[in-house]
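J.: My structure is below; once you've seen it, I'll send some questions.
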Amino acid sequence: MRLIVVLAWLIALAFVAFPGSPATNASRTTENSASQRARVAVEPSLITQEQVEGWLKFWQQRLGLVEWTIDAKIVRVWELPAGAVANIHWSLPKRKATIKVLHSADSNLRQDAISRDTELSVVHELVHLSMAKLPLDPNHTELEEEAVKKLSAALLALYYSEPAHTEVAAAAVNSR
Ligand SMILES: [Zn+2]
């Protein structure tokens, strides 16, 4: 009995001593409270599987994640955790990942915003994947989430920089 207590104590100590060990399998979920409306009726998606795969291929290359085999799926709201618009599951040893993005029928974003928001979800989940080897704490992902949100939004904003933004940047440079 005493041996069992000592063993349990040692195991607990190991977890306390090495809290940052990278998990070999993990998942991250992107939450967006402004995007939840479950409609049971089957509606055609405003985004296609081909579009999602195109974004995946493009951003996977840009982020240097070509050694990964990544699947992308458009899923209904009940296939994601509550409050989520996307998530990713990965296996580090297998270098395999699956990204799920929310079907447009379950989004309450404006129709013209859904395409860009879904691409942002793909970039966001890939940025999570780029951090998969870091010693992150799976029980406290808030700081990781904050960094991933900023980086993914910045990447997409850079890629789609509007002419107006370019003019502002040019004016700022010229005023020096
Ligand atoms: Zn996230």
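Chain labels A, B, ... are given in the sequence in which chains occur in the structure tokens; within each chain residues are numbered consecutively from 1, and ligands are likewise numbered from 1 in the order shown.
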Using only C-alpha atoms and all ligand atoms, which residues have at least one atom no more than 12 Å from ligand 1? Output them as a PyMOL selection string.
T.: chain A and resi 27-32+84-89+99+120-131+141-153
J.: Rounded to one decimal in Å, what is the spacing between atom CA of Trp55 of chain A and atom CA of Lys94 of chain A?
T.: 22.4 Å
J.: Looking at A:Gln111, A:Asn139, A:Ser91, A:Thr98, which one is nearest to Ala72 of chain A, with distances taken over only C-alpha atoms?
T.: A:Thr98
J.: What is the distance, in Å and to one decimal place, between atom CA of Pro93 of chain A and atom CA of Pro138 of chain A?
T.: 17.2 Å
J.: Please, which residues of segment 56-152 of chain A, numbered as in this document, come out alpha helix (DSSP H) from DSSP, as number ranges by chain?
T.: A: 56-62, 111-130, 142-152
J.: Quick one: write out the picked residues with N, CA and C atoms as a compact mmCIF listing (two decimals), in the first residue's frame?
T.:
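Output file part21.txt is given in full below:
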```txt
# COMPACT_ATOMS: atom_id res chain seq x y z
N LEU A 56 -5.94 26.21 -47.91
CA LEU A 56 -5.08 25.32 -47.12
C LEU A 56 -3.73 25.12 -47.82
N LYS A 57 -3.78 24.80 -49.11
CA LYS A 57 -2.56 24.54 -49.87
C LYS A 57 -1.65 25.78 -49.91
N PHE A 58 -2.29 26.92 -50.19
CA PHE A 58 -1.54 28.17 -50.31
C PHE A 58 -0.85 28.54 -48.99
N TRP A 59 -1.64 28.56 -47.90
CA TRP A 59 -1.09 29.01 -46.62
C TRP A 59 -0.19 27.96 -45.98
N GLN A 60 -0.43 26.69 -46.29
CA GLN A 60 0.46 25.63 -45.79
C GLN A 60 1.86 25.84 -46.34
N GLN A 61 1.94 26.18 -47.63
CA GLN A 61 3.25 26.44 -48.25
C GLN A 61 3.87 27.71 -47.68
N ARG A 62 3.05 28.76 -47.56
CA ARG A 62 3.58 30.03 -47.05
C ARG A 62 4.14 29.89 -45.65
N GLN A 111 -23.03 37.73 -45.36
CA GLN A 111 -22.62 36.78 -46.41
C GLN A 111 -21.30 37.17 -47.07
N ASP A 112 -21.10 38.47 -47.27
CA ASP A 112 -19.88 38.89 -47.96
C ASP A 112 -18.64 38.83 -47.06
N ALA A 113 -18.85 38.51 -45.78
CA ALA A 113 -17.71 38.41 -44.87
C ALA A 113 -17.30 36.96 -44.62
N ILE A 114 -18.13 36.02 -45.04
CA ILE A 114 -17.91 34.61 -44.68
C ILE A 114 -16.67 34.03 -45.35
N SER A 115 -16.45 34.35 -46.62
CA SER A 115 -15.31 33.79 -47.33
C SER A 115 -13.99 34.18 -46.64
N ARG A 116 -13.83 35.49 -46.39
CA ARG A 116 -12.59 35.96 -45.78
C ARG A 116 -12.43 35.39 -44.37
N ASP A 117 -13.56 35.31 -43.63
CA ASP A 117 -13.50 34.79 -42.27
C ASP A 117 -13.10 33.31 -42.25
N THR A 118 -13.55 32.56 -43.25
CA THR A 118 -13.20 31.14 -43.31
C THR A 118 -11.73 30.98 -43.67
N GLU A 119 -11.25 31.82 -44.59
CA GLU A 119 -9.82 31.76 -44.91
C GLU A 119 -9.01 32.11 -43.66
N LEU A 120 -9.49 33.10 -42.89
CA LEU A 120 -8.81 33.46 -41.64
C LEU A 120 -8.76 32.27 -40.69
N SER A 121 -9.86 31.51 -40.65
CA SER A 121 -9.88 30.30 -39.80
C SER A 121 -8.80 29.32 -40.22
N VAL A 122 -8.65 29.12 -41.54
CA VAL A 122 -7.64 28.19 -42.04
C VAL A 122 -6.24 28.68 -41.63
N VAL A 123 -5.97 29.97 -41.84
CA VAL A 123 -4.66 30.53 -41.48
C VAL A 123 -4.44 30.40 -39.97
N HIS A 124 -5.48 30.73 -39.20
CA HIS A 124 -5.40 30.66 -37.74
C HIS A 124 -5.01 29.25 -37.28
N GLU A 125 -5.68 28.25 -37.81
CA GLU A 125 -5.40 26.87 -37.37
C GLU A 125 -4.00 26.44 -37.82
N LEU A 126 -3.56 26.91 -38.99
CA LEU A 126 -2.21 26.58 -39.45
C LEU A 126 -1.14 27.24 -38.58
N VAL A 127 -1.43 28.46 -38.10
CA VAL A 127 -0.47 29.11 -37.19
C VAL A 127 -0.37 28.29 -35.90
N HIS A 128 -1.51 27.78 -35.41
CA HIS A 128 -1.45 26.87 -34.25
C HIS A 128 -0.53 25.69 -34.57
N LEU A 129 -0.68 25.14 -35.76
CA LEU A 129 0.11 23.96 -36.13
C LEU A 129 1.61 24.31 -36.18
N SER A 130 1.92 25.52 -36.62
CA SER A 130 3.33 25.93 -36.69
C SER A 130 3.95 26.01 -35.30
N GLU A 142 -4.59 30.46 -23.35
CA GLU A 142 -5.03 31.83 -23.60
C GLU A 142 -3.97 32.67 -24.30
N LEU A 143 -2.71 32.58 -23.83
CA LEU A 143 -1.65 33.41 -24.42
C LEU A 143 -1.33 32.94 -25.83
N GLU A 144 -1.33 31.61 -26.02
CA GLU A 144 -1.13 31.06 -27.37
C GLU A 144 -2.23 31.57 -28.30
N GLU A 145 -3.46 31.54 -27.80
CA GLU A 145 -4.61 31.97 -28.60
C GLU A 145 -4.47 33.44 -29.01
N GLU A 146 -4.07 34.26 -28.07
CA GLU A 146 -3.92 35.69 -28.34
C GLU A 146 -2.86 35.91 -29.43
N ALA A 147 -1.72 35.21 -29.32
CA ALA A 147 -0.64 35.36 -30.31
C ALA A 147 -1.10 34.86 -31.68
N VAL A 148 -1.80 33.73 -31.69
CA VAL A 148 -2.26 33.14 -32.96
C VAL A 148 -3.27 34.07 -33.64
N LYS A 149 -4.17 34.66 -32.85
CA LYS A 149 -5.15 35.59 -33.42
C LYS A 149 -4.46 36.78 -34.09
N LYS A 150 -3.48 37.35 -33.39
CA LYS A 150 -2.79 38.53 -33.93
C LYS A 150 -1.99 38.18 -35.18
N LEU A 151 -1.27 37.07 -35.12
CA LEU A 151 -0.43 36.69 -36.26
C LEU A 151 -1.26 36.35 -37.49
N SER A 152 -2.33 35.58 -37.31
CA SER A 152 -3.13 35.17 -38.46
C SER A 152 -3.85 36.37 -39.07
```
J.: Contacts of Ala132 of chain A at 10 Å or less, counting only C-alpha atoms, minus same-chain residues fewer than 6 places along, as a list in words?
T.: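 So, after excluding close chain neighbours, the residues are Pro22, Ala23, Thr24, Asn25, Ala26, Ser27, Trp90, Ser91, Leu92 and Leu126 of chain A.
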J.: Determine which residues of segment 52-152 of chain A DSSP labels as strand (DSSP E or B) from the backbone of this structure, then write them out as a list in words.
T.: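 Here is the list: Thr69, Ile70, Asp71, Ala72, Lys73, Ile74, Val75, Ala84, Val85, Ala86, Asn87, Ile88, His89, Trp90, Ser91, Lys96, Ala97, Thr98, Ile99, Lys100, Val101 and Leu102 of chain A.
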J.: Create the file for the chosen residues now, containing N, CA and C atoms and written as a PDB file, in the first residue's frame.
T.:
```
ATOM      1  N   THR A  69       0.632  16.336 -43.570  1.00  0.00           N
ATOM      2  CA  THR A  69      -0.532  15.942 -44.362  1.00  0.00           C
ATOM      3  C   THR A  69      -1.756  16.501 -43.644  1.00  0.00           C
ATOM      4  N   ILE A  70      -2.412  17.447 -44.302  1.00  0.00           N
ATOM      5  CA  ILE A  70      -3.514  18.161 -43.625  1.00  0.00           C
ATOM      6  C   ILE A  70      -4.802  18.018 -44.427  1.00  0.00           C
ATOM      7  N   ASP A  71      -5.862  17.597 -43.741  1.00  0.00           N
ATOM      8  CA  ASP A  71      -7.200  17.536 -44.342  1.00  0.00           C
ATOM      9  C   ASP A  71      -7.990  18.745 -43.880  1.00  0.00           C
ATOM     10  N   ALA A  72      -8.900  19.197 -44.743  1.00  0.00           N
ATOM     11  CA  ALA A  72      -9.802  20.279 -44.351  1.00  0.00           C
ATOM     12  C   ALA A  72     -11.235  19.831 -44.614  1.00  0.00           C
ATOM     13  N   LYS A  73     -12.110  20.141 -43.665  1.00  0.00           N
ATOM     14  CA  LYS A  73     -13.511  19.748 -43.803  1.00  0.00           C
ATOM     15  C   LYS A  73     -14.411  20.922 -43.451  1.00  0.00           C
ATOM     16  N   ILE A  74     -15.477  21.084 -44.239  1.00  0.00           N
ATOM     17  CA  ILE A  74     -16.527  22.036 -43.882  1.00  0.00           C
ATOM     18  C   ILE A  74     -17.545  21.255 -43.058  1.00  0.00           C
ATOM     19  N   VAL A  75     -17.792  21.697 -41.830  1.00  0.00           N
ATOM     20  CA  VAL A  75     -18.673  20.928 -40.943  1.00  0.00           C
ATOM     21  C   VAL A  75     -19.799  21.795 -40.392  1.00  0.00           C
ATOM     22  N   ALA A  84     -17.499  27.369 -31.188  1.00  0.00           N
ATOM     23  CA  ALA A  84     -16.338  27.333 -32.084  1.00  0.00           C
ATOM     24  C   ALA A  84     -16.732  27.585 -33.538  1.00  0.00           C
ATOM     25  N   VAL A  85     -15.866  28.257 -34.291  1.00  0.00           N
ATOM     26  CA  VAL A  85     -16.065  28.415 -35.735  1.00  0.00           C
ATOM     27  C   VAL A  85     -15.071  27.564 -36.527  1.00  0.00           C
ATOM     28  N   ALA A  86     -14.073  27.022 -35.838  1.00  0.00           N
ATOM     29  CA  ALA A  86     -13.083  26.158 -36.488  1.00  0.00           C
ATOM     30  C   ALA A  86     -12.279  25.460 -35.400  1.00  0.00           C
ATOM     31  N   ASN A  87     -11.643  24.372 -35.776  1.00  0.00           N
ATOM     32  CA  ASN A  87     -10.660  23.784 -34.865  1.00  0.00           C
ATOM     33  C   ASN A  87      -9.682  22.926 -35.649  1.00  0.00           C
ATOM     34  N   ILE A  88      -8.646  22.503 -34.941  1.00  0.00           N
ATOM     35  CA  ILE A  88      -7.632  21.646 -35.573  1.00  0.00           C
ATOM     36  C   ILE A  88      -7.233  20.553 -34.600  1.00  0.00           C
ATOM     37  N   HIS A  89      -7.050  19.357 -35.114  1.00  0.00           N
ATOM     38  CA  HIS A  89      -6.486  18.250 -34.345  1.00  0.00           C
ATOM     39  C   HIS A  89      -5.219  17.827 -35.073  1.00  0.00           C
ATOM     40  N   TRP A  90      -4.175  17.544 -34.317  1.00  0.00           N
ATOM     41  CA  TRP A  90      -2.961  17.087 -34.994  1.00  0.00           C
ATOM     42  C   TRP A  90      -2.281  15.969 -34.217  1.00  0.00           C
ATOM     43  N   SER A  91      -1.485  15.204 -34.972  1.00  0.00           N
ATOM     44  CA  SER A  91      -0.618  14.184 -34.386  1.00  0.00           C
ATOM     45  C   SER A  91       0.797  14.542 -34.795  1.00  0.00           C
ATOM     46  N   LYS A  96       0.243  14.542 -39.139  1.00  0.00           N
ATOM     47  CA  LYS A  96      -1.075  14.607 -39.774  1.00  0.00           C
ATOM     48  C   LYS A  96      -1.972  15.545 -38.981  1.00  0.00           C
ATOM     49  N   ALA A  97      -2.796  16.280 -39.705  1.00  0.00           N
ATOM     50  CA  ALA A  97      -3.717  17.195 -39.023  1.00  0.00           C
ATOM     51  C   ALA A  97      -5.025  17.270 -39.779  1.00  0.00           C
ATOM     52  N   THR A  98      -6.078  17.612 -39.056  1.00  0.00           N
ATOM     53  CA  THR A  98      -7.390  17.841 -39.669  1.00  0.00           C
ATOM     54  C   THR A  98      -7.933  19.178 -39.185  1.00  0.00           C
ATOM     55  N   ILE A  99      -8.294  20.012 -40.159  1.00  0.00           N
ATOM     56  CA  ILE A  99      -8.891  21.310 -39.843  1.00  0.00           C
ATOM     57  C   ILE A  99     -10.371  21.237 -40.173  1.00  0.00           C
ATOM     58  N   LYS A 100     -11.218  21.689 -39.240  1.00  0.00           N
ATOM     59  CA  LYS A 100     -12.656  21.792 -39.506  1.00  0.00           C
ATOM     60  C   LYS A 100     -13.043  23.260 -39.496  1.00  0.00           C
ATOM     61  N   VAL A 101     -13.802  23.662 -40.518  1.00  0.00           N
ATOM     62  CA  VAL A 101     -14.314  25.038 -40.553  1.00  0.00           C
ATOM     63  C   VAL A 101     -15.834  24.999 -40.620  1.00  0.00           C
ATOM     64  N   LEU A 102     -16.452  26.031 -40.077  1.00  0.00           N
ATOM     65  CA  LEU A 102     -17.907  26.066 -39.943  1.00  0.00           C
ATOM     66  C   LEU A 102     -18.609  26.285 -41.293  1.00  0.00           C
TER      67      LEU A 102
END
```
J.: One decimal, in Å: what's the spacing between atom CA of Arg76 of chain A and atom CA of Asp106 of chain A?
T.: 6.7 Å
